[in-house]
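Colleague: Have a look at the structure that comes next, please.
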Amino acid sequence: MRRRATTVIDTEKCTGCGLCVQVCPSDTLSLTDGKAAVTGQYSIGCEHCVAVCPEDAIHVGFSDAEATTLETVENRSSWLPFGQGDTAELVRLFRSRRSCRKFSKEPVPEAVLRDLVRIGIMAPTGTNSQLWTFTVVPDRESVMKLGSAVGKFFDKLNAMAEKRVARLVSKVFMKDMLGEYYRDYYESVKRGLDQFRNEGRDRLFHGAPAVILIGSQPGASCPAEDALLASQNICLAAHTMGYGTCLIGFAVEAIRHDPRVKKVLGIPADEKIYSVIALGKSLERYRKQAGRRSVEPRYFRG
């Protein structure tokens, strides 16, 4: 993403060390007459130059410091150098965070939801586009309204999947997508919809009192990856803040295929949603970490 450079150099403070020039990925800066100068027209706004300058001589107008200032968590503004931090505790967090499918009714404070969004935008984005969007569903009543809209989509999908002719057409022209859905998901979705209507059991959001949807405006270079990186930030941070999370793929699919779900949420038609996170206090408690299947990495040595 090419943006007009908004970088400003305070020449009174600049000592000409050249560190900013070395870290700039856009060739926006160069040394001129012994001082850093903006000689390129474009910048991705990454602020590497700001972060590396020992004299605080650089300002970039793209960002807002308040965007990452938290309300419910201590703000520590100093950079954590490479090799510092507790890797073992970080890995313990990775292995302890689990998908929650049993939430309490306790509401999530809106200040916590705001902080989780701010923590989400601390993730990297392709070419620093930062074109992600966050839609917060902050209470159980609103979550149920979203669930109802998603349920209507799956009602129609199930009705179509029940038709043998439609499955045959899908097999010929759509790589058997409808047939695969019928074989793998039809029965469980039908059962979930029946339980929701007849028993009030929420098989979609698992009783979560809040939901965060992450999407992207048009123009991002890798919007899905951006959204999922932000999702990981949110899920891990939520765990340390005392909340469980669960990624809801069925909701993502409904929003992707049914524009009426976006309309319910007030999401613009040209915005795509890549992640839906159910969030709340977990009623689940665990005694140990879960394992993973072994992976054999592939190596290339040229």
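Labels used: A, B, ... for chains in the order of the structure tokens, numbers from 1 for residues in each chain, and numbers from 1 for ligands as shown.
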Applying 9 Å and only C-alpha atoms, which residues near stretch 135-149 of chain A remain after dropping the ones on its own chain fewer than 6 positions away? List them as a PyMOL selection string.
Modeller: chain A and resi 105+107-110+113-114+117+202+204-205+207-215+251+254+260-261+264-265+267
Colleague: May I have all residues of stretch 26-187 of chain A that DSSP, computed from the backbone, assigns to alpha helix (DSSP H), given as number ranges by chain?
Modeller: A: 48-52, 87-96, 110-120, 140-161, 164-173, 177-184, 186-187
Colleague: How many Å lie between atom CA of A:Tyr181 and atom CA of A:Leu157, rounded to one decimal?
Modeller: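 Separation of atom CA of A:Tyr181 and atom CA of A:Leu157: 9.2 Å.
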Colleague: Between A:Pro54, A:Pro25, A:Gly266, A:Gly45, which residue has the minimum interatomic distance to A:Lys13, considering only C-alpha atoms?
Modeller: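 Once distances to A:Lys13 are computed over only C-alpha atoms, the minimum belongs to A:Pro54.
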Colleague: Determine the nearest neighbour of A:Leu283 from the options A:Met174, A:Cys100, A:Met241, A:Leu236, counting only C-alpha atoms.
Modeller: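 The closest residue to A:Leu283 is A:Cys100.
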Colleague: Show which residues sit within 10 Å of stretch 3-9 of chain A, as a ChimeraX atom specification. Count only C-alpha atoms, and ignore same-chain residues fewer than 5 positions away.
Modeller: /A:14,26,28-29,35-45,47,49-50,56-62,129
Colleague: Give me a file of those residues, with C-alpha atoms, as a PDB file, in the first residue's frame.
Modeller:
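Generated output (selection-v3.pdb):
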```pdb
ATOM      1  CA  CYS A  14      18.625  14.992  14.365  1.00  0.00           C
ATOM      2  CA  SER A  26      10.141   2.236   1.692  1.00  0.00           C
ATOM      3  CA  THR A  28      11.491   7.276   2.203  1.00  0.00           C
ATOM      4  CA  LEU A  29      14.490   8.685   4.057  1.00  0.00           C
ATOM      5  CA  LYS A  35      20.883  15.065   8.510  1.00  0.00           C
ATOM      6  CA  ALA A  36      18.002  12.664   7.906  1.00  0.00           C
ATOM      7  CA  ALA A  37      15.641  13.981   5.255  1.00  0.00           C
ATOM      8  CA  VAL A  38      12.383  12.891   3.621  1.00  0.00           C
ATOM      9  CA  THR A  39      13.438  12.304   0.014  1.00  0.00           C
ATOM     10  CA  GLY A  40      10.819   9.753  -1.038  1.00  0.00           C
ATOM     11  CA  GLN A  41       7.208  10.529  -1.835  1.00  0.00           C
ATOM     12  CA  TYR A  42       5.676   7.406  -0.322  1.00  0.00           C
ATOM     13  CA  SER A  43       5.717   5.544   2.999  1.00  0.00           C
ATOM     14  CA  ILE A  44       3.881   2.566   4.467  1.00  0.00           C
ATOM     15  CA  GLY A  45       3.672   4.393   7.811  1.00  0.00           C
ATOM     16  CA  GLU A  47       7.111   4.061  12.151  1.00  0.00           C
ATOM     17  CA  CYS A  49      12.110   5.309  11.957  1.00  0.00           C
ATOM     18  CA  VAL A  50      10.285   6.692  14.992  1.00  0.00           C
ATOM     19  CA  ASP A  56      13.078  11.491  19.299  1.00  0.00           C
ATOM     20  CA  ALA A  57      13.541  13.575  16.179  1.00  0.00           C
ATOM     21  CA  ILE A  58      10.971  11.909  13.900  1.00  0.00           C
ATOM     22  CA  HIS A  59       7.201  12.101  13.708  1.00  0.00           C
ATOM     23  CA  VAL A  60       4.873  10.216  11.357  1.00  0.00           C
ATOM     24  CA  GLY A  61       1.342  11.552  11.001  1.00  0.00           C
ATOM     25  CA  PHE A  62      -0.266   8.228  10.073  1.00  0.00           C
ATOM     26  CA  SER A 129      -2.383  -1.367   5.481  1.00  0.00           C
TER      27      SER A 129
END
```
Colleague: Point out the residue among A:Arg191, A:Lys171, A:Arg256, A:Leu228 with the least atom-to-atom distance to A:Ala123, counting only C-alpha atoms.
Modeller: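 Comparing A:Arg191, A:Lys171, A:Arg256, A:Leu228 against A:Ala123, the winner is A:Leu228.
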Colleague: Calculated over only C-alpha atoms, which of the candidates A:His206, A:Arg118, A:Lys152, A:Arg167 has the smallest distance to A:Glu71?
Modeller: A:Arg118
Colleague: I'd like to know which of A:Leu193, A:Val112, A:Met122, A:Thr87 is closest to A:Cys46, using only C-alpha atoms.
Modeller: A:Met122
Colleague: So what do you get for atom CA of A:Ile119 versus atom CA of A:Pro268, distance-wise?
Modeller: 23.6 Å
Colleague: DSSP on the backbone: which residues in stretch 81-139 of chain A end up as strand (DSSP E or B)? Give the answer as a PDB file with N, CA and C atoms, in the first residue's frame.
Modeller:
```pdb
ATOM      1  N   SER A  99     -10.494 -23.254  23.165  1.00  0.00           N
ATOM      2  CA  SER A  99     -11.782 -22.764  22.681  1.00  0.00           C
ATOM      3  C   SER A  99     -12.850 -23.058  23.719  1.00  0.00           C
ATOM      4  N   PHE A 103     -20.072 -20.654  28.243  1.00  0.00           N
ATOM      5  CA  PHE A 103     -19.855 -19.331  28.816  1.00  0.00           C
ATOM      6  C   PHE A 103     -20.844 -19.033  29.930  1.00  0.00           C
ATOM      7  N   TRP A 132      -8.195  -3.163   8.610  1.00  0.00           N
ATOM      8  CA  TRP A 132      -9.122  -4.060   9.295  1.00  0.00           C
ATOM      9  C   TRP A 132     -10.286  -3.282   9.909  1.00  0.00           C
ATOM     10  N   THR A 133     -11.350  -3.999  10.191  1.00  0.00           N
ATOM     11  CA  THR A 133     -12.522  -3.427  10.855  1.00  0.00           C
ATOM     12  C   THR A 133     -12.910  -4.325  12.022  1.00  0.00           C
ATOM     13  N   PHE A 134     -13.492  -3.730  13.043  1.00  0.00           N
ATOM     14  CA  PHE A 134     -13.924  -4.471  14.223  1.00  0.00           C
ATOM     15  C   PHE A 134     -15.370  -4.093  14.523  1.00  0.00           C
ATOM     16  N   THR A 135     -16.228  -5.082  14.576  1.00  0.00           N
ATOM     17  CA  THR A 135     -17.628  -4.879  14.927  1.00  0.00           C
ATOM     18  C   THR A 135     -17.871  -5.588  16.253  1.00  0.00           C
ATOM     19  N   VAL A 136     -18.260  -4.836  17.266  1.00  0.00           N
ATOM     20  CA  VAL A 136     -18.446  -5.393  18.609  1.00  0.00           C
ATOM     21  C   VAL A 136     -19.933  -5.598  18.876  1.00  0.00           C
ATOM     22  N   VAL A 137     -20.279  -6.805  19.283  1.00  0.00           N
ATOM     23  CA  VAL A 137     -21.655  -7.131  19.706  1.00  0.00           C
ATOM     24  C   VAL A 137     -21.572  -7.289  21.221  1.00  0.00           C
TER      25      VAL A 137
END
```
Colleague: I'd like the contact shell of A:Met177 - 12 Å cut-off, only C-alpha atoms, skipping same-chain residues fewer than 3 positions apart - returned as a list in words.
Modeller: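 Result of the neighbour search: Leu157, Met160, Ala161, Ala166, Arg167, Leu168, Val169, Ser170, Lys171, Val172, Phe173, Met174, Glu180, Tyr181, Tyr182, Arg183, Asp184 and Tyr185 of chain A.
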Colleague: Quick one: everything within 8 Å of A:Val252, counting only C-alpha atoms, minus sequence neighbours fewer than 2 positions away in the same chain. Send it as number ranges by chain.
Modeller: A: 248-250, 254-256, 273-276
Colleague: Suppose we keep N, CA and C atoms; can you now write the selection as a PDB file, in the first residue's frame?
Modeller:
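Result file follows (part_18.pdb):
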```
ATOM      1  N   ILE A 248     -15.868 -18.687  15.667  1.00  0.00           N
ATOM      2  CA  ILE A 248     -17.132 -19.250  15.177  1.00  0.00           C
ATOM      3  C   ILE A 248     -17.136 -19.228  13.649  1.00  0.00           C
ATOM      4  N   GLY A 249     -16.646 -20.315  13.046  1.00  0.00           N
ATOM      5  CA  GLY A 249     -16.555 -20.389  11.591  1.00  0.00           C
ATOM      6  C   GLY A 249     -17.905 -20.399  10.893  1.00  0.00           C
ATOM      7  N   PHE A 250     -18.925 -21.007  11.517  1.00  0.00           N
ATOM      8  CA  PHE A 250     -20.249 -21.035  10.899  1.00  0.00           C
ATOM      9  C   PHE A 250     -20.794 -19.619  10.692  1.00  0.00           C
ATOM     10  N   ALA A 254     -21.836 -17.775   7.097  1.00  0.00           N
ATOM     11  CA  ALA A 254     -23.146 -17.160   6.882  1.00  0.00           C
ATOM     12  C   ALA A 254     -23.000 -15.721   6.399  1.00  0.00           C
ATOM     13  N   ILE A 255     -22.109 -14.984   7.036  1.00  0.00           N
ATOM     14  CA  ILE A 255     -21.895 -13.582   6.645  1.00  0.00           C
ATOM     15  C   ILE A 255     -21.319 -13.499   5.240  1.00  0.00           C
ATOM     16  N   ARG A 256     -20.462 -14.445   4.893  1.00  0.00           N
ATOM     17  CA  ARG A 256     -19.830 -14.449   3.574  1.00  0.00           C
ATOM     18  C   ARG A 256     -20.854 -14.671   2.460  1.00  0.00           C
ATOM     19  N   ILE A 273     -15.859 -10.060   6.195  1.00  0.00           N
ATOM     20  CA  ILE A 273     -15.611 -10.535   7.554  1.00  0.00           C
ATOM     21  C   ILE A 273     -14.831 -11.848   7.477  1.00  0.00           C
ATOM     22  N   TYR A 274     -13.750 -11.926   8.254  1.00  0.00           N
ATOM     23  CA  TYR A 274     -12.879 -13.099   8.216  1.00  0.00           C
ATOM     24  C   TYR A 274     -12.827 -13.851   9.540  1.00  0.00           C
ATOM     25  N   SER A 275     -13.299 -13.217  10.613  1.00  0.00           N
ATOM     26  CA  SER A 275     -13.201 -13.868  11.921  1.00  0.00           C
ATOM     27  C   SER A 275     -14.348 -13.400  12.806  1.00  0.00           C
ATOM     28  N   VAL A 276     -14.947 -14.343  13.523  1.00  0.00           N
ATOM     29  CA  VAL A 276     -15.984 -14.041  14.509  1.00  0.00           C
ATOM     30  C   VAL A 276     -15.579 -14.719  15.810  1.00  0.00           C
TER      31      VAL A 276
END
```
Colleague: For A:Asp226, please output as a tab-separated table (two decimals) with N, CA and C atoms, in the first residue's frame all residues within 6 Å (counting only C-alpha atoms; exclusion window: fewer than 3 positions along the same chain).
Modeller:
```
chain	number	residue	atom	x	y	z
A	125	THR	N	0.10	-6.07	9.86
A	125	THR	CA	-0.74	-6.19	8.67
A	125	THR	C	0.14	-6.12	7.43
A	223	PRO	N	-5.95	-9.31	3.50
A	223	PRO	CA	-6.94	-9.01	4.54
A	223	PRO	C	-7.26	-10.17	5.46
A	229	LEU	N	-4.46	-12.64	12.36
A	229	LEU	CA	-3.41	-12.24	13.29
A	229	LEU	C	-3.99	-11.41	14.43
```
Colleague: Using Å and a single decimal, report how far atom CA of A:Lys156 sits from atom CA of A:Val189.
Modeller: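 Computed distance, atom CA of A:Val189 to atom CA of A:Lys156, equals 11.5 Å.
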Colleague: Taking only C-alpha atoms into account, which of A:Ala278, A:Arg203, A:Gly291, A:Leu131 comes nearest A:Ala227?
Modeller: A:Leu131
Colleague: Counting only C-alpha atoms, what are the residues of stretch 46-119 of chain A within 7 Å of stretch 16-23 of chain A, and for each of them which pair of atoms is the nearest and at what distance in Å, to one decimal? Sort the table by chain and rising number, as JSON lines.
Modeller:
```
{"residue": "A:His48", "atom": "CA", "partner": "A:Val23", "partner_atom": "CA", "distance": 6.3}
{"residue": "A:Cys49", "atom": "CA", "partner": "A:Cys20", "partner_atom": "CA", "distance": 4.4}
{"residue": "A:Val52", "atom": "CA", "partner": "A:Cys20", "partner_atom": "CA", "distance": 6.4}
{"residue": "A:Cys53", "atom": "CA", "partner": "A:Cys20", "partner_atom": "CA", "distance": 6.4}
```
Colleague: Could you turn the residues from that selection into a file that holds N, CA and C atoms, as a tab-separated table (two decimals), in the first residue's frame?
Modeller:
```
chain	number	residue	atom	x	y	z
A	48	HIS	N	9.01	2.53	11.85
A	48	HIS	CA	10.30	1.98	12.25
A	48	HIS	C	11.27	3.12	12.57
A	49	CYS	N	11.20	4.17	11.75
A	49	CYS	CA	12.11	5.31	11.96
A	49	CYS	C	11.87	5.97	13.31
A	52	VAL	N	13.28	3.71	16.13
A	52	VAL	CA	14.72	3.51	16.22
A	52	VAL	C	15.48	4.79	16.57
A	53	CYS	N	14.86	5.95	16.38
A	53	CYS	CA	15.56	7.23	16.56
A	53	CYS	C	15.93	7.47	18.03
```
